[in-house]
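The structure file upload-v9.txt is reproduced below (compact mmCIF, C-alpha atoms).
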```txt
# COMPACT_ATOMS: atom_id res chain seq x y z
CA MET I 9 -78.92 -19.87 19.45
CA ASN I 10 -79.45 -16.22 18.90
CA PRO I 11 -77.77 -15.06 15.65
CA SER I 12 -78.07 -11.38 16.52
CA SER I 13 -75.43 -11.78 19.28
CA LEU I 14 -72.55 -12.58 16.78
CA PRO I 15 -71.83 -9.21 15.07
CA PRO I 16 -70.81 -7.29 18.22
CA VAL I 17 -68.19 -9.99 19.02
CA THR I 18 -66.61 -9.65 15.51
CA HIS I 19 -66.59 -5.87 15.84
CA ARG I 20 -64.86 -6.10 19.17
CA SER I 21 -62.21 -8.56 17.93
CA ASN I 22 -61.58 -6.42 14.83
CA ARG I 23 -61.12 -3.36 16.98
CA ARG I 24 -58.68 -5.29 19.18
CA LEU I 25 -56.73 -6.37 16.11
CA TRP I 26 -56.48 -2.80 14.89
CA LEU I 27 -55.32 -1.69 18.31
CA TRP I 28 -52.59 -4.33 18.31
CA ALA I 29 -51.58 -3.39 14.78
CA LEU I 30 -51.39 0.29 15.73
CA LEU I 31 -49.26 -0.55 18.73
CA LEU I 32 -47.00 -3.08 17.01
CA THR I 33 -46.33 -1.25 13.73
CA PRO I 34 -44.34 1.64 15.25
CA MET I 35 -42.48 -0.85 17.45
CA LEU I 36 -41.67 -2.99 14.42
CA LEU I 37 -40.55 0.08 12.50
CA LEU I 38 -38.36 1.06 15.44
CA VAL I 39 -36.79 -2.40 15.52
CA VAL I 40 -36.15 -2.29 11.74
CA LEU I 41 -34.70 1.20 12.06
CA ALA I 42 -32.46 0.12 14.95
CA ALA I 43 -31.28 -2.92 12.96
CA TRP I 44 -30.59 -0.71 9.93
CA VAL I 45 -28.63 1.82 12.03
CA ALA I 46 -26.69 -1.01 13.68
CA SER I 47 -25.89 -2.53 10.28
CA CYS I 48 -24.39 0.81 9.20
CA PHE I 49 -21.61 0.30 11.75
CA HIS I 50 -20.87 -3.38 11.13
CA LEU I 51 -18.97 -4.95 8.27
CA GLY I 52 -20.46 -7.83 6.28
CA SER I 53 -19.65 -11.39 7.36
CA ASP I 54 -16.96 -11.96 4.71
CA ALA I 55 -15.10 -8.76 5.50
CA ARG I 56 -15.40 -9.56 9.20
CA ALA I 57 -13.88 -13.00 8.63
CA LEU I 58 -11.03 -11.38 6.68
CA ARG I 59 -10.46 -8.80 9.42
CA ASN I 60 -10.48 -11.42 12.17
CA GLY I 61 -8.04 -13.65 10.26
CA LEU I 62 -5.67 -10.75 9.66
CA MET I 63 -5.75 -9.51 13.22
CA LYS I 64 -5.24 -12.96 14.69
CA ALA I 65 -2.27 -13.68 12.41
CA SER I 66 -0.65 -10.31 13.04
CA GLY I 67 -0.26 -11.11 16.73
CA ILE I 68 -0.55 -7.45 17.66
CA GLU I 69 -3.21 -5.24 19.17
CA TRP I 70 -5.60 -3.28 17.01
CA ARG I 71 -7.86 -0.32 17.59
CA GLN I 72 -10.95 0.25 15.51
CA ARG I 73 -11.01 3.71 13.96
CA ILE I 74 -14.07 3.54 11.80
CA THR I 75 -16.53 1.01 10.40
CA LEU I 76 -19.20 2.07 7.96
CA ASN I 77 -21.51 -0.07 5.94
CA ALA I 78 -24.14 0.98 3.43
CA ASN I 79 -26.51 -1.74 2.32
CA TYR I 80 -29.07 -2.06 -0.48
CA LEU I 81 -31.58 0.06 1.40
CA THR I 82 -29.15 2.92 1.93
CA PHE I 83 -27.90 2.96 -1.64
CA GLY I 84 -31.47 2.59 -2.92
CA ALA I 85 -32.53 5.60 -0.86
CA VAL I 86 -29.52 7.63 -2.03
CA ARG I 87 -30.20 6.70 -5.65
CA ALA I 88 -33.86 7.61 -5.30
CA GLY I 89 -32.97 10.89 -3.58
CA LEU I 90 -30.48 11.88 -6.25
CA SER I 91 -32.56 10.74 -9.21
CA CYS I 92 -33.90 14.27 -9.76
CA VAL I 93 -30.56 15.99 -9.15
CA ARG I 94 -28.26 16.80 -12.07
CA LEU I 95 -25.14 14.74 -11.55
CA ASP I 96 -21.93 14.19 -13.48
CA PRO I 97 -22.54 11.11 -15.71
CA GLY I 98 -19.54 9.35 -14.17
CA ALA I 99 -20.84 9.90 -10.66
CA ARG I 100 -24.29 8.70 -11.69
CA ALA I 101 -22.82 5.58 -13.30
CA ALA I 102 -20.86 4.88 -10.12
CA LEU I 103 -23.95 5.39 -8.01
CA GLN I 104 -25.97 3.07 -10.22
CA SER I 105 -23.23 0.44 -10.07
CA VAL I 106 -22.75 0.14 -6.32
CA ARG I 107 -25.35 -1.92 -4.52
CA SER I 108 -23.70 -2.17 -1.11
CA ALA I 109 -20.33 -1.21 0.32
CA GLY I 110 -18.51 -1.35 3.61
CA VAL I 111 -15.30 0.20 4.89
CA GLY I 112 -13.37 -0.63 8.01
CA ILE I 113 -10.20 1.10 9.21
CA TYR I 114 -8.18 -0.39 12.04
CA GLN I 115 -5.03 1.03 13.58
CA VAL I 116 -2.09 -0.69 15.21
CA THR I 117 -1.83 0.39 18.83
CA SER I 118 1.39 2.24 19.57
CA GLY I 119 4.43 0.37 20.79
CA THR I 120 3.55 -2.94 19.17
CA PRO I 121 6.23 -4.90 17.27
CA ARG I 122 6.25 -5.17 13.48
CA SER I 123 3.79 -7.74 12.21
CA ASP I 124 4.58 -10.64 9.89
CA ARG I 125 2.90 -9.67 6.62
CA ALA I 126 3.44 -13.08 5.02
CA ALA I 127 1.59 -14.72 7.90
CA MET I 128 -1.15 -12.10 7.62
CA LEU I 129 -1.60 -12.80 3.92
CA ALA I 130 -1.67 -16.55 4.52
CA ALA I 131 -4.31 -16.10 7.24
CA ALA I 132 -6.37 -13.82 5.01
CA ASP I 133 -6.19 -16.40 2.21
CA SER I 134 -7.26 -19.16 4.54
CA ALA I 135 -10.19 -17.14 5.90
CA MET I 136 -11.43 -16.15 2.47
CA THR I 137 -10.90 -19.39 0.54
CA GLY I 138 -12.88 -21.16 3.26
CA ARG I 139 -15.80 -18.91 2.35
CA GLY I 140 -15.53 -19.51 -1.40
CA TRP I 141 -13.43 -16.47 -2.30
CA GLU I 142 -10.16 -16.48 -4.17
CA ARG I 143 -7.32 -14.02 -4.20
CA VAL I 144 -6.68 -12.43 -7.60
CA VAL I 145 -3.99 -10.01 -6.49
CA GLY I 146 -1.50 -10.11 -3.64
CA VAL I 147 1.24 -7.51 -3.29
CA MET I 148 3.86 -6.98 -0.62
CA ASN I 149 6.33 -4.18 -0.89
CA GLY I 150 8.17 -2.54 1.96
CA LYS I 151 5.63 -2.16 4.73
CA ASP I 152 2.67 -2.42 2.40
CA LEU I 153 0.42 -5.39 1.88
CA VAL I 154 -2.47 -5.43 -0.58
CA ALA I 155 -4.86 -8.27 -1.36
CA ILE I 156 -7.91 -8.37 -3.60
CA TYR I 157 -10.46 -11.15 -3.36
CA VAL I 158 -13.39 -12.07 -5.60
CA PRO I 159 -15.85 -14.96 -5.32
CA GLY I 160 -14.46 -18.18 -6.78
CA LYS I 161 -17.66 -19.04 -8.63
CA ASN I 162 -20.86 -17.43 -9.86
CA ALA I 163 -19.28 -14.07 -10.58
CA SER I 164 -21.62 -12.07 -12.75
CA VAL I 165 -21.48 -8.58 -14.23
CA HIS I 166 -24.77 -7.72 -12.58
CA ASN I 167 -23.80 -8.93 -9.15
CA LEU I 168 -20.06 -8.76 -8.59
CA LYS I 169 -18.61 -8.87 -5.12
CA CYS I 170 -15.12 -7.74 -4.24
CA CYS I 171 -13.09 -7.45 -1.07
CA VAL I 172 -9.92 -5.34 -0.86
CA MET I 173 -7.47 -5.20 2.00
CA VAL I 174 -4.63 -2.68 2.35
CA PHE I 175 -2.15 -2.67 5.21
CA ASN I 176 0.55 0.01 5.35
CA GLY I 177 2.26 -1.06 8.53
CA LYS I 178 0.11 1.18 10.71
CA GLU I 179 -3.43 0.74 9.47
CA ILE I 180 -5.58 -1.89 7.85
CA VAL I 181 -8.19 -0.61 5.42
CA LEU I 182 -10.84 -3.14 4.46
CA VAL I 183 -13.30 -2.41 1.68
CA SER I 184 -16.04 -4.77 0.59
CA ALA I 185 -18.45 -3.91 -2.17
CA ARG I 186 -21.15 -5.49 -4.26
CA GLY I 187 -22.51 -4.04 -7.42
CA ASN I 188 -23.66 -4.16 -10.99
CA LEU I 189 -20.68 -3.15 -13.08
CA GLU I 190 -22.60 -2.66 -16.31
CA PRO I 191 -23.42 1.08 -15.96
CA LEU I 192 -19.85 1.92 -14.93
CA VAL I 193 -18.23 -0.15 -17.69
CA THR I 194 -20.61 1.24 -20.32
CA TYR I 195 -19.76 4.76 -19.18
CA ALA I 196 -16.00 4.03 -19.21
CA LEU I 197 -16.09 2.39 -22.66
CA ASN I 198 -18.07 5.27 -24.11
CA GLN I 199 -15.41 7.78 -23.12
CA PRO I 200 -13.93 9.33 -26.27
CA GLY I 201 -10.31 9.16 -25.08
CA LEU I 202 -10.39 5.48 -24.12
CA CYS I 203 -8.09 4.33 -26.94
CA ASP I 204 -5.59 7.09 -26.17
CA GLN I 205 -5.59 6.16 -22.51
CA ALA I 206 -5.12 2.46 -23.36
CA LYS I 207 -2.25 3.45 -25.63
CA TRP I 208 -0.68 5.56 -22.89
CA LEU I 209 -0.99 2.70 -20.42
CA ALA I 210 0.49 0.25 -22.91
CA GLN I 211 3.45 2.56 -23.57
CA ARG I 212 4.16 2.64 -19.86
CA MET Y 25 -35.41 -54.48 -11.64
CA LYS Y 26 -34.97 -51.36 -13.76
CA THR Y 27 -34.18 -49.33 -10.65
CA MET Y 28 -31.64 -51.92 -9.56
CA ILE Y 29 -29.79 -51.45 -12.85
CA ARG Y 30 -30.30 -47.69 -13.08
CA TYR Y 31 -28.69 -46.72 -9.76
CA PRO Y 32 -25.42 -48.65 -10.13
CA LEU Y 33 -25.23 -47.42 -13.73
CA ALA Y 34 -25.70 -43.80 -12.67
CA ILE Y 35 -23.08 -44.18 -9.94
CA ALA Y 36 -20.66 -45.78 -12.41
CA VAL Y 37 -21.18 -42.96 -14.93
CA LEU Y 38 -20.71 -40.30 -12.25
CA THR Y 39 -17.60 -42.00 -10.91
CA ALA Y 40 -16.16 -42.33 -14.41
CA GLY Y 41 -16.92 -38.66 -15.08
CA PHE Y 42 -15.27 -37.60 -11.86
CA GLY Y 43 -12.30 -39.84 -12.62
CA CYS Y 44 -11.98 -38.28 -16.08
CA ASN Y 45 -12.06 -34.82 -14.57
CA VAL Y 46 -9.36 -35.73 -12.09
CA LEU Y 47 -7.28 -37.37 -14.79
CA ALA Y 48 -7.83 -34.47 -17.19
CA GLY Y 49 -5.52 -32.33 -15.06
CA PRO Y 50 -4.52 -28.77 -15.88
CA PRO Y 51 -4.75 -27.43 -19.44
CA PRO Y 52 -1.65 -28.10 -21.60
CA GLY Y 53 -0.50 -24.48 -21.55
CA GLN Y 54 -0.50 -24.18 -17.78
CA VAL Y 55 2.79 -24.11 -15.89
CA ASP Y 56 2.99 -24.89 -12.22
CA PHE Y 57 5.53 -22.40 -10.89
CA GLY Y 58 4.89 -23.67 -7.36
CA LYS Y 59 4.41 -21.60 -4.24
CA PHE Y 60 6.73 -18.73 -3.49
CA ALA Y 61 7.45 -17.47 -0.03
CA PRO Y 62 7.46 -13.69 0.25
CA PRO Y 63 10.99 -12.42 0.90
CA GLY Y 64 11.67 -11.03 4.35
CA ASP Y 65 12.97 -7.51 5.03
CA GLY Y 66 10.15 -5.83 3.11
CA GLY Y 67 11.14 -7.34 -0.23
CA GLN Y 68 8.83 -7.14 -3.20
CA PHE Y 69 6.24 -9.86 -3.75
CA VAL Y 70 3.45 -9.76 -6.31
CA GLU Y 71 1.05 -12.56 -7.16
CA VAL Y 72 -1.74 -12.15 -9.70
CA GLN Y 73 -4.03 -14.99 -10.69
CA ILE Y 74 -6.94 -14.22 -12.97
CA ASN Y 75 -8.91 -17.27 -14.00
CA SER Y 76 -11.40 -17.94 -16.79
CA ASN Y 77 -14.32 -17.00 -14.56
CA LEU Y 78 -13.13 -13.40 -14.22
CA LEU Y 79 -11.83 -13.22 -17.78
CA SER Y 80 -15.17 -14.26 -19.24
CA LEU Y 81 -16.80 -11.72 -16.94
CA ALA Y 82 -14.50 -9.04 -18.35
CA ALA Y 83 -15.30 -10.26 -21.87
CA ARG Y 84 -19.03 -9.94 -21.20
CA MET Y 85 -18.47 -6.40 -19.95
CA VAL Y 86 -16.71 -5.16 -23.07
CA GLU Y 87 -18.57 -7.33 -25.57
CA LYS Y 88 -20.83 -4.59 -26.94
CA GLN Y 89 -18.23 -1.85 -27.29
CA GLN Y 90 -15.10 -3.89 -28.06
CA PRO Y 91 -16.07 -7.27 -29.58
CA ASP Y 92 -12.46 -7.99 -30.66
CA ALA Y 93 -11.17 -7.45 -27.14
CA ALA Y 94 -14.00 -9.64 -25.80
CA LYS Y 95 -13.04 -12.40 -28.25
CA LEU Y 96 -9.42 -12.21 -27.14
CA LEU Y 97 -10.40 -12.25 -23.46
CA ARG Y 98 -12.60 -15.30 -24.05
CA SER Y 99 -9.69 -17.15 -25.60
CA VAL Y 100 -7.63 -16.75 -22.41
CA GLN Y 101 -8.22 -19.19 -19.56
CA LEU Y 102 -5.70 -18.06 -17.01
CA VAL Y 103 -3.23 -15.26 -16.39
CA HIS Y 104 -0.71 -15.95 -13.66
CA VAL Y 105 2.04 -13.53 -12.64
CA ASN Y 106 4.61 -13.93 -9.90
CA VAL Y 107 7.16 -11.27 -9.00
CA VAL Y 108 9.51 -12.07 -6.15
CA GLY Y 109 12.12 -9.60 -4.96
CA LEU Y 110 15.65 -10.94 -4.66
CA THR Y 111 17.48 -10.69 -1.38
CA ASP Y 112 20.79 -12.15 -0.24
CA LYS Y 113 18.83 -14.92 1.46
CA ASN Y 114 16.65 -16.10 -1.42
CA ARG Y 115 18.74 -15.18 -4.51
CA ALA Y 116 20.49 -18.52 -5.00
CA GLU Y 117 17.35 -20.56 -4.36
CA LEU Y 118 15.14 -18.51 -6.69
CA GLU Y 119 17.65 -18.44 -9.54
CA LYS Y 120 18.00 -22.20 -9.24
CA ARG Y 121 14.23 -22.58 -9.24
CA VAL Y 122 13.80 -20.49 -12.41
CA GLN Y 123 16.47 -22.57 -14.13
CA GLN Y 124 14.57 -25.70 -13.06
CA ILE Y 125 11.31 -24.27 -14.48
CA ARG Y 126 13.07 -23.57 -17.79
CA HIS Y 127 14.53 -27.06 -17.82
CA ASP Y 128 11.07 -28.55 -17.17
CA LEU Y 129 9.51 -26.48 -19.96
CA ASP Y 130 12.17 -27.69 -22.39
CA ALA Y 131 11.58 -31.26 -21.27
CA GLN Y 132 7.81 -30.90 -21.71
CA GLY Y 133 8.20 -29.88 -25.33
CA TRP Y 134 7.65 -26.14 -25.04
CA ASP Y 135 9.27 -24.04 -27.77
CA HIS Y 136 12.01 -21.79 -26.46
CA ASN Y 137 11.39 -18.76 -28.68
CA VAL Y 138 13.41 -16.05 -27.00
CA ALA Y 139 16.51 -16.24 -24.84
CA VAL Y 140 18.18 -12.96 -23.95
CA GLN Y 141 21.05 -12.36 -21.58
CA ASP Y 142 22.26 -8.80 -21.46
CA LYS Y 143 25.31 -7.11 -19.96
CA ASP Y 144 23.55 -6.29 -16.70
CA GLY Y 145 22.87 -9.96 -16.18
CA GLN Y 146 19.17 -9.74 -17.03
CA ASP Y 147 18.10 -13.12 -18.28
CA VAL Y 148 14.83 -13.47 -20.22
CA GLY Y 149 13.28 -16.64 -21.56
CA ILE Y 150 10.04 -16.82 -23.55
CA TYR Y 151 8.41 -20.17 -24.15
CA THR Y 152 5.30 -21.09 -26.11
CA LYS Y 153 3.19 -24.20 -26.38
CA THR Y 154 1.22 -24.44 -29.60
CA ARG Y 155 -2.07 -26.14 -30.33
CA GLY Y 156 -2.60 -27.55 -33.79
CA GLY Y 157 -0.20 -25.13 -35.39
CA GLU Y 158 -2.76 -22.33 -35.33
CA ALA Y 159 -3.12 -21.21 -31.76
CA LEU Y 160 -1.05 -20.90 -28.65
CA ALA Y 161 -2.08 -23.12 -25.75
CA GLY Y 162 0.28 -21.33 -23.42
CA LEU Y 163 2.90 -18.65 -23.07
CA ALA Y 164 5.50 -18.69 -20.31
CA ILE Y 165 7.92 -15.85 -19.62
CA THR Y 166 10.72 -16.09 -17.12
CA VAL Y 167 12.87 -13.11 -16.20
CA ILE Y 168 15.75 -12.93 -13.77
CA GLN Y 169 16.91 -9.43 -12.90
CA PRO Y 170 19.86 -10.30 -10.65
CA LYS Y 171 19.84 -7.13 -8.62
CA GLU Y 172 16.09 -6.79 -8.32
CA GLN Y 173 13.62 -9.58 -8.87
CA VAL Y 174 12.42 -12.73 -10.56
CA VAL Y 175 9.35 -12.45 -12.80
CA LEU Y 176 7.29 -15.43 -13.94
CA ILE Y 177 4.31 -15.06 -16.24
CA ASN Y 178 2.03 -17.77 -17.58
CA ILE Y 179 -0.86 -17.12 -19.95
CA VAL Y 180 -3.06 -20.11 -20.74
CA GLY Y 181 -5.75 -20.38 -23.37
CA ASP Y 182 -6.40 -20.79 -27.02
CA ILE Y 183 -4.75 -17.60 -28.17
CA ARG Y 184 -4.70 -16.83 -31.87
CA PRO Y 185 -1.88 -14.45 -32.79
CA GLU Y 186 -4.01 -12.75 -35.43
CA GLN Y 187 -6.56 -11.84 -32.72
CA VAL Y 188 -3.87 -10.09 -30.66
CA ALA Y 189 -2.50 -8.30 -33.73
CA ALA Y 190 -5.99 -7.30 -34.91
CA LEU Y 191 -6.83 -5.83 -31.53
CA GLY Y 192 -3.53 -3.95 -31.55
CA ASP Y 193 -4.33 -2.61 -35.01
CA LYS Y 194 -7.85 -1.60 -34.07
CA LEU Y 195 -6.83 0.21 -30.90
CA ASP Y 196 -3.58 1.36 -32.52
CA ILE Y 197 -1.51 0.09 -29.60
CA LYS Y 198 1.98 -0.62 -30.87
CA PRO Y 199 3.12 -3.01 -28.08
CA LEU Y 200 0.02 -5.13 -28.69
CA LYS Y 201 0.73 -5.14 -32.43
CA ASP Y 202 4.32 -6.19 -31.68
CA VAL Y 203 3.17 -8.98 -29.37
CA GLY Y 204 0.75 -10.18 -32.06
CA ALA Y 205 3.52 -10.18 -34.65
CA ALA Y 206 5.91 -11.96 -32.27
CA LEU Y 207 3.27 -14.60 -31.51
CA LYS Y 208 2.66 -15.07 -35.24
CA ASP Y 209 6.38 -15.68 -35.70
CA ALA Y 210 6.44 -18.01 -32.72
CA ALA Y 211 3.55 -20.15 -33.98
CA PRO Y 212 4.79 -22.97 -36.19
CA LYS Y 213 3.94 -22.49 -39.81
CA GLU Y 214 1.56 -24.97 -41.32
CA PRO Y 215 3.01 -26.81 -44.30
CA ALA Y 216 1.87 -25.25 -47.55
CA PRO Y 217 -0.81 -27.33 -49.26
CA LYS Y 218 0.65 -29.48 -51.97
CA GLU Y 219 -0.24 -28.38 -55.43
CA SER Y 220 -2.38 -30.98 -57.09
CA ALA Y 221 -0.77 -32.61 -60.07
CA PRO Y 222 -2.31 -31.59 -63.35
CA GLU Y 223 -4.74 -34.10 -64.55
CA ASN Y 224 -3.82 -35.76 -67.75
```

Could you spell out this file's structure in structure tokens?
Amino acid sequence: MNPSSLPPVTHRSNRRLWLWALLLTPMLLLVVLAAWVASCFHLGSDARALRNGLMKASGIEWRQRITLNANYLTFGAVRAGLSCVRLDPGARAALQSVRSAGVGIYQVTSGTPRSDRAAMLAAADSAMTGRGWERVVGVMNGKDLVAIYVPGKNASVHNLKCCVMVFNGKEIVLVSARGNLEPLVTYALNQPGLCDQAKWLAQR
Amino acid sequence: MKTMIRYPLAIAVLTAGFGCNVLAGPPPGQVDFGKFAPPGDGGQFVEVQINSNLLSLAARMVEKQQPDAAKLLRSVQLVHVNVVGLTDKNRAELEKRVQQIRHDLDAQGWDHNVAVQDKDGQDVGIYTKTRGGEALAGLAITVIQPKEQVVLINIVGDIRPEQVAALGDKLDIKPLKDVGAALKDAAPKEPAPKESAPEN
């Protein structure tokens, strides 16, 4: 065996590895970028389940108007980008609190009959409770329907999830958010007029 | 041999624990108002249910800045509110149901602290369930507004009237002070300690 023949083989295989890495890295980055862009236009799985339950129970046709979703990466980038900018303390607290958020707006197509809001609420409850969420608020008044859901267990100040649904007879607005409430609550409680505002609310 | 004893023992303990949990049932201050169907014709319907999980979360949030409020929030296990709009279709049924709830509360030994019936037909009932003469295990409020709605509120916990009043004093919120005072009045007074006879 001739030992001097080994080094050129290693060199060649290393070079091939580098070539593959150079080729694959941009492709991988492109795939990640495409996935990130796609995720910006899709709601999270819980909000999707809520939307599907609502639409199925309504028995009418819906048209998607807008769906936007900002995940950890997006909010992280925004936070990093705005870290050097002078912001209102309230806005900064809000920015620090939100970790991810999604909004979906869906419109009733024209000429469809009035939907059964009680059935819609029941379907929304069923879809969400099956996924470990519970409804804390449910309101129906006139054409309006509002429901707020939070996780049934493991709710924590640092990682609180919330899903809100509003239906006004023409449109459904779905908002899902996850965040760390501590900065926002600290900001709110440090406001000098808090007691006066609490008093005003209590008087009402 | 040890394993043979350990497994059945563990299963028995777990089963007994589960059985106890099932048998424990809801806390004494909780009232089951039952399910309400939303009224048709766009009538009003509100349902709020905030459990101990969320309340303790809220307590943790305000703990540093408002320790009294956090203490009060920790003492509450459940807040349940139902508001159902009255229509010609559901009026009779709902009024009957509220009367049944009041009857059940009386039968279950709740104290009927306030009963108000005004000229407009508004009918308010406030019930409390005490725990050990010092704290309230539950508060139930039933309101019938004949032309508008039925309101049912249940607050469950280990609520000490002085906590509510102290928070009202600290934040200078009069309604909270009033509620604290009303709860103090509602709570049964402990018998005054007997004066010890002078030793001869």

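Atom to atom, CA of Ile179 in chain Y and CA of Asp152 in chain I stand 27.0 Å apart.
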
Using only C-alpha atoms, select each residue of chain I with any atom at most 8 Å away from an atom of chain Y, and give the selection as a VMD selection string. chain I and resid 126 143 to 151 160 to 161 163 to 165 189 to 190 193 to 194 197 to 198 203 206 to 207 210 to 211

Can you measure CA of His166 in chain I to CA of Gln104 in chain I for me? One decimal in Å is fine.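 Computed distance, CA of His166 in chain I to CA of Gln104 in chain I, equals 11.1 Å.
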
One decimal, in Å: what's the spacing between CA of Leu90 in chain I and CA of Gly187 in chain I?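 Value for the CA of Leu90 in chain I-CA of Gly187 in chain I distance: 17.8 Å.
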
May I have the residues within 9 Å of Pro185 in chain Y as a list in words, using all atoms listed in the file and disregarding those fewer than 3 positions away in the same chain?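 Contacts, with the query itself left out: Glu158, Ala159, Leu160, Val188, Ala189, Ala190, Val203, Gly204, Ala205, Ala206, Leu207, Lys208, Asp209 and Ala211 of chain Y.
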
Kindly save the residues from that selection, with C-alpha atoms included, as a PDB file, in the frame of the given file.
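File result_28.pdb, as written:
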```
ATOM      1  CA  GLU Y 158      -2.760 -22.330 -35.330  1.00  0.00           C
ATOM      2  CA  ALA Y 159      -3.120 -21.210 -31.760  1.00  0.00           C
ATOM      3  CA  LEU Y 160      -1.050 -20.900 -28.650  1.00  0.00           C
ATOM      4  CA  VAL Y 188      -3.870 -10.090 -30.660  1.00  0.00           C
ATOM      5  CA  ALA Y 189      -2.500  -8.300 -33.730  1.00  0.00           C
ATOM      6  CA  ALA Y 190      -5.990  -7.300 -34.910  1.00  0.00           C
ATOM      7  CA  VAL Y 203       3.170  -8.980 -29.370  1.00  0.00           C
ATOM      8  CA  GLY Y 204       0.750 -10.180 -32.060  1.00  0.00           C
ATOM      9  CA  ALA Y 205       3.520 -10.180 -34.650  1.00  0.00           C
ATOM     10  CA  ALA Y 206       5.910 -11.960 -32.270  1.00  0.00           C
ATOM     11  CA  LEU Y 207       3.270 -14.600 -31.510  1.00  0.00           C
ATOM     12  CA  LYS Y 208       2.660 -15.070 -35.240  1.00  0.00           C
ATOM     13  CA  ASP Y 209       6.380 -15.680 -35.700  1.00  0.00           C
ATOM     14  CA  ALA Y 211       3.550 -20.150 -33.980  1.00  0.00           C
TER      15      ALA Y 211
END
```

Shortest interatomic distance to Met128 in chain I - which of I:Arg186, I:Lys64, I:Arg73, I:Arg87, counting all atoms listed in the file: I:Lys64

Edge lengths and centre in Å to one decimal, as lines of an AutoDock Vina configuration file, of the axis-aligned box that encloses all listed atoms of range 115-124 of chain Y with 6 Å added on every side?
```
center_x = 17.1
center_y = -20.4
center_z = -9.2
size_x = 18.7
size_y = 22.5
size_z = 21.8
```

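With distances restricted to only C-alpha atoms, Y:Asp56 is the closest residue to Val180 in chain Y from Y:Asp56, Y:Asp193, Y:Asp92, Y:Asp130.
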
For Thr111 in chain Y, the nearest of the candidates Y:Gln187, Y:Gln173, Y:Gln132, Y:Ser76, counting all atoms listed in the file: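 The shortest atom-to-atom distance to Thr111 in chain Y comes from Y:Gln173.
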
Neighbours of range 152-157 of chain Y within 6 Å (all atoms listed in the file; same-chain residues fewer than 4 positions away dropped), as a PyMOL selection string? chain Y and resi 134-135+161-163+212

Atoms to include: C-alpha atoms. Write the selected residues as a PDB file, in the coordinates of the input.
```pdb
ATOM      1  CA  TRP Y 134       7.650 -26.140 -25.040  1.00  0.00           C
ATOM      2  CA  ASP Y 135       9.270 -24.040 -27.770  1.00  0.00           C
ATOM      3  CA  ALA Y 161      -2.080 -23.120 -25.750  1.00  0.00           C
ATOM      4  CA  GLY Y 162       0.280 -21.330 -23.420  1.00  0.00           C
ATOM      5  CA  LEU Y 163       2.900 -18.650 -23.070  1.00  0.00           C
ATOM      6  CA  PRO Y 212       4.790 -22.970 -36.190  1.00  0.00           C
TER       7      PRO Y 212
END
```

Which residues are near Asn79 in chain I? Cut-off 7 Å, all atoms listed in the file, ignore same chain within fewer than 3 positions. Put them as a list in words.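 Skipping anything fewer than 3 positions along the chain leaves Thr82, Phe83, Arg107, Ser108 and Ala109 of chain I.
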
Can I get the selection written as a PDB file, keeping the file's coordinate frame, with C-alpha atoms?
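Once everything was written out, this is out-v6.pdb:
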```
ATOM      1  CA  THR I  82     -29.150   2.920   1.930  1.00  0.00           C
ATOM      2  CA  PHE I  83     -27.900   2.960  -1.640  1.00  0.00           C
ATOM      3  CA  ARG I 107     -25.350  -1.920  -4.520  1.00  0.00           C
ATOM      4  CA  SER I 108     -23.700  -2.170  -1.110  1.00  0.00           C
ATOM      5  CA  ALA I 109     -20.330  -1.210   0.320  1.00  0.00           C
TER       6      ALA I 109
END
```

Write out as an MDAnalysis selection string which residues come within 12 Å of Met136 in chain I when counting all atoms listed in the file, dropping same-chain ones fewer than 6 positions away. chainID I and resid 53:62 129:130 142:144 155:160 170:173

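Of the residues under consideration (Y:Gln54, Y:Ile168, Y:Leu118, Y:Leu97), Y:Ile168 shows the shortest atom-to-atom contact distance to Asp142 in chain Y when counting only C-alpha atoms.
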